[in-house]
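Each remark here refers to the structure printed beneath this line.
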Amino acid sequence: MSEQTQSKFENDILTVTRVYNASKANVFDAWMNTEKMDQWYGPKGVVGIKSIIEAQAGGLYAHEMTFEGGKVHKSTGILTEYDPPNSFAYQSPGASPEETMTIRVEFIEQGTATLVRLTHAGVSEKMAQFVSPAWSAAFEKLVTFLQK
């Protein structure tokens, strides 16, 4: 059981994993409940977040993150898969208008703990260098949130 967030990039797919000492239902809920998501999501430097999550296939999965200094970053996706508490996936625009990224998050029970596996497909190596630390920071923030 890994006590650290792991990430790797191969074939335009970034994979981030971590085991959490919490039930699968609780970890899934932390990703799909806007009140909970707004307490932990985002990379380092985020001081505020507003999420919109329409928890169903075809629903909106969007976040507006405010960083120290006031910079705002918005990410928007459409849920393409919704299988509580096992997985969800969404698609969002890539670096250019013709690119699409797919982010899939799986929740795998491991006794009383839960392995979270995020696959972020459709990213270039350059983009992976940007999003890998962001995902890793969010995964670490989730550790603290789940301990509350």
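Labels used: A, B, ... for chains in the order of the structure tokens, numbers from 1 for residues in each chain, and numbers from 1 for ligands as shown.
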
Excluding same-chain residues fewer than 3 positions from A:His120, what lies within 10 Å of it counting only C-alpha atoms, as a PDB file with N, CA and C atoms, in the first residue's frame?
ATOM      1  N   PHE A   9       4.070   9.089 -16.739  1.00  0.00           N
ATOM      2  CA  PHE A   9       3.595   9.562 -18.035  1.00  0.00           C
ATOM      3  C   PHE A   9       4.145   8.642 -19.115  1.00  0.00           C
ATOM      4  N   ASP A  12       1.265   9.568 -24.028  1.00  0.00           N
ATOM      5  CA  ASP A  12       0.290  10.656 -23.916  1.00  0.00           C
ATOM      6  C   ASP A  12      -0.761  10.422 -22.835  1.00  0.00           C
ATOM      7  N   ILE A  13      -0.438   9.576 -21.846  1.00  0.00           N
ATOM      8  CA  ILE A  13      -1.350   9.328 -20.725  1.00  0.00           C
ATOM      9  C   ILE A  13      -0.593   9.524 -19.421  1.00  0.00           C
ATOM     10  N   LEU A  14      -1.122  10.411 -18.590  1.00  0.00           N
ATOM     11  CA  LEU A  14      -0.596  10.624 -17.252  1.00  0.00           C
ATOM     12  C   LEU A  14      -1.449   9.790 -16.298  1.00  0.00           C
ATOM     13  N   THR A  15      -0.789   8.997 -15.458  1.00  0.00           N
ATOM     14  CA  THR A  15      -1.496   8.196 -14.456  1.00  0.00           C
ATOM     15  C   THR A  15      -1.024   8.635 -13.076  1.00  0.00           C
ATOM     16  N   VAL A  16      -1.987   8.938 -12.209  1.00  0.00           N
ATOM     17  CA  VAL A  16      -1.695   9.357 -10.842  1.00  0.00           C
ATOM     18  C   VAL A  16      -2.455   8.416  -9.913  1.00  0.00           C
ATOM     19  N   ALA A  89     -15.697   9.665 -15.349  1.00  0.00           N
ATOM     20  CA  ALA A  89     -14.773  10.199 -16.352  1.00  0.00           C
ATOM     21  C   ALA A  89     -15.408  11.437 -16.960  1.00  0.00           C
ATOM     22  N   TYR A  90     -14.539  12.322 -17.426  1.00  0.00           N
ATOM     23  CA  TYR A  90     -15.030  13.510 -18.111  1.00  0.00           C
ATOM     24  C   TYR A  90     -14.059  13.904 -19.214  1.00  0.00           C
ATOM     25  N   GLN A  91     -14.589  14.630 -20.174  1.00  0.00           N
ATOM     26  CA  GLN A  91     -13.774  15.160 -21.258  1.00  0.00           C
ATOM     27  C   GLN A  91     -13.742  16.664 -21.145  1.00  0.00           C
ATOM     28  N   MET A 101      -9.106  16.228 -23.960  1.00  0.00           N
ATOM     29  CA  MET A 101      -8.498  15.404 -22.924  1.00  0.00           C
ATOM     30  C   MET A 101      -9.598  14.603 -22.233  1.00  0.00           C
ATOM     31  N   THR A 102      -9.263  13.390 -21.843  1.00  0.00           N
ATOM     32  CA  THR A 102     -10.181  12.551 -21.079  1.00  0.00           C
ATOM     33  C   THR A 102      -9.540  12.248 -19.740  1.00  0.00           C
ATOM     34  N   ILE A 103     -10.265  12.544 -18.675  1.00  0.00           N
ATOM     35  CA  ILE A 103      -9.803  12.271 -17.322  1.00  0.00           C
ATOM     36  C   ILE A 103     -10.741  11.228 -16.730  1.00  0.00           C
ATOM     37  N   ARG A 104     -10.175  10.109 -16.284  1.00  0.00           N
ATOM     38  CA  ARG A 104     -10.965   9.035 -15.678  1.00  0.00           C
ATOM     39  C   ARG A 104     -10.425   8.777 -14.283  1.00  0.00           C
ATOM     40  N   VAL A 105     -11.328   8.684 -13.307  1.00  0.00           N
ATOM     41  CA  VAL A 105     -10.930   8.446 -11.923  1.00  0.00           C
ATOM     42  C   VAL A 105     -11.619   7.172 -11.449  1.00  0.00           C
ATOM     43  N   ARG A 117      -7.105   5.823  -8.791  1.00  0.00           N
ATOM     44  CA  ARG A 117      -6.278   5.829  -9.995  1.00  0.00           C
ATOM     45  C   ARG A 117      -6.885   6.820 -10.983  1.00  0.00           C
ATOM     46  N   VAL A 123      -2.740  14.166 -23.301  1.00  0.00           N
ATOM     47  CA  VAL A 123      -1.863  15.252 -22.889  1.00  0.00           C
ATOM     48  C   VAL A 123      -0.493  15.086 -23.537  1.00  0.00           C
ATOM     49  N   ALA A 128       1.900  17.472 -19.633  1.00  0.00           N
ATOM     50  CA  ALA A 128       2.043  16.558 -18.495  1.00  0.00           C
ATOM     51  C   ALA A 128       2.974  17.140 -17.435  1.00  0.00           C
ATOM     52  N   VAL A 131       0.523  19.512 -15.599  1.00  0.00           N
ATOM     53  CA  VAL A 131      -0.617  18.957 -14.863  1.00  0.00           C
ATOM     54  C   VAL A 131      -0.216  17.889 -13.847  1.00  0.00           C
ATOM     55  N   SER A 132       0.899  17.205 -14.045  1.00  0.00           N
ATOM     56  CA  SER A 132       1.307  16.174 -13.087  1.00  0.00           C
ATOM     57  C   SER A 132       1.506  16.739 -11.682  1.00  0.00           C
ATOM     58  N   TRP A 135      -2.048  17.664 -10.251  1.00  0.00           N
ATOM     59  CA  TRP A 135      -2.808  16.516  -9.768  1.00  0.00           C
ATOM     60  C   TRP A 135      -2.198  15.972  -8.472  1.00  0.00           C
TER      61      TRP A 135
END

Exercise. Would you list, as a ChimeraX atom specification, the residues of chain A that end up in strand (DSSP E) under DSSP run on this structure's backbone?
Key: /A:6-10,13-20,46-53,60-67,72-83,87-93,100-110,113-121

Exercise. Identify all residues of stretch 1-133 of chain A in alpha helix (DSSP H) (DSSP on the backbone) and supply them as a ChimeraX atom specification.
Key: /A:24-32,34-40,125-133

Export C-alpha atoms of the chosen residues as a PDB file, in the first residue's frame?
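This went into out.pdb:
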ATOM      1  CA  LYS A  24     -14.520   3.938  -1.281  1.00  0.00           C
ATOM      2  CA  ALA A  25     -17.877   5.678  -0.779  1.00  0.00           C
ATOM      3  CA  ASN A  26     -16.286   8.512   1.244  1.00  0.00           C
ATOM      4  CA  VAL A  27     -13.458   9.059  -1.237  1.00  0.00           C
ATOM      5  CA  PHE A  28     -15.851   9.013  -4.215  1.00  0.00           C
ATOM      6  CA  ASP A  29     -18.115  11.495  -2.413  1.00  0.00           C
ATOM      7  CA  ALA A  30     -15.159  13.844  -1.854  1.00  0.00           C
ATOM      8  CA  TRP A  31     -14.753  14.000  -5.663  1.00  0.00           C
ATOM      9  CA  MET A  32     -18.455  14.400  -6.510  1.00  0.00           C
ATOM     10  CA  THR A  34     -19.285  20.260  -4.485  1.00  0.00           C
ATOM     11  CA  GLU A  35     -19.155  21.316  -0.832  1.00  0.00           C
ATOM     12  CA  LYS A  36     -16.431  18.753  -0.156  1.00  0.00           C
ATOM     13  CA  MET A  37     -14.589  19.313  -3.441  1.00  0.00           C
ATOM     14  CA  ASP A  38     -14.364  23.033  -2.733  1.00  0.00           C
ATOM     15  CA  GLN A  39     -12.481  22.272   0.497  1.00  0.00           C
ATOM     16  CA  TRP A  40      -9.592  20.284  -0.994  1.00  0.00           C
ATOM     17  CA  GLU A 125       4.665  15.697 -22.621  1.00  0.00           C
ATOM     18  CA  LYS A 126       4.837  19.472 -22.140  1.00  0.00           C
ATOM     19  CA  MET A 127       1.312  19.592 -20.692  1.00  0.00           C
ATOM     20  CA  ALA A 128       2.043  16.558 -18.495  1.00  0.00           C
ATOM     21  CA  GLN A 129       4.910  18.496 -16.906  1.00  0.00           C
ATOM     22  CA  PHE A 130       2.336  21.129 -15.919  1.00  0.00           C
ATOM     23  CA  VAL A 131      -0.617  18.957 -14.863  1.00  0.00           C
ATOM     24  CA  SER A 132       1.307  16.174 -13.087  1.00  0.00           C
ATOM     25  CA  PRO A 133       2.381  18.393 -10.155  1.00  0.00           C
TER      26      PRO A 133
END

Self-check item: atom CA of A:Pro93 to atom CA of A:Gly42, straight-line distance in Å
Solution: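 Interatomic distance here is 17.8 Å.
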
Practice problem: For A:Lys71, please output as an MDAnalysis selection string all residues within 12 Å (counting only C-alpha atoms; exclusion window: fewer than 6 positions along the same chain). | Solution: chainID A and resid 45:49 64:65

Do you know which residues are at most 9 Å from A:Lys141 counting only C-alpha atoms, after dropping those on the same chain fewer than 2 positions away, and could you put them as a compact mmCIF listing (two decimals) with C-alpha atoms, in the first residue's frame?
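Ended up saving to result_34.txt:
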# COMPACT_ATOMS: atom_id res chain seq x y z
CA GLN A 39 -12.48 22.27 0.50
CA TRP A 40 -9.59 20.28 -0.99
CA TYR A 41 -9.35 20.41 -4.79
CA GLY A 42 -6.69 22.19 -6.78
CA PRO A 43 -2.93 22.55 -7.09
CA LYS A 44 -0.65 24.41 -4.69
CA SER A 136 -0.22 15.33 -7.23
CA ALA A 137 -0.83 18.40 -5.06
CA ALA A 138 -4.60 17.84 -5.20
CA PHE A 139 -4.14 14.18 -4.24
CA VAL A 143 -5.28 13.16 2.34
CA THR A 144 -5.65 16.08 4.76
CA PHE A 145 -9.32 16.57 3.93
CA LEU A 146 -10.20 12.90 4.54

Quiz item: With only C-alpha atoms as the atoms that count, which of A:His73, A:His63, A:Lys50, A:Arg18 lies nearest to A:Phe107?
Solution: A:Arg18

Exercise. Give the answer as one residue: which of A:Ala113, A:Ala121, A:Leu60, A:Ile78 has the shortest atom-to-atom distance to A:Gly94, using only C-alpha atoms?
Key: A:Ala121

Quiz prompt | Interatomic distance (Å, one decimal) between atom CA of A:Ala134 and atom CA of A:Glu3 | solution =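 Atom-to-atom, atom CA of A:Ala134 to atom CA of A:Glu3, that is 18.1 Å.
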
Self-check item: Between atom CA of A:Tyr20 and atom CA of A:Leu115, distance in Å (one decimal)
Solution: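 Going from atom CA of A:Tyr20 over to atom CA of A:Leu115 covers 6.3 Å.
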
Quiz prompt | Of the listed residues A:Gly58, A:Thr100, A:Ser51, A:Val19, that which approaches A:Gln6 most closely, counting only C-alpha atoms | solution = A:Val19

Quiz item: From the set A:Ala57, A:Leu142, A:Val116, A:Ile52, which residue has the shortest atom-to-atom contact distance to A:Thr17, counting only C-alpha atoms?
Solution: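 Under the stated criterion, the closest residue is A:Val116.
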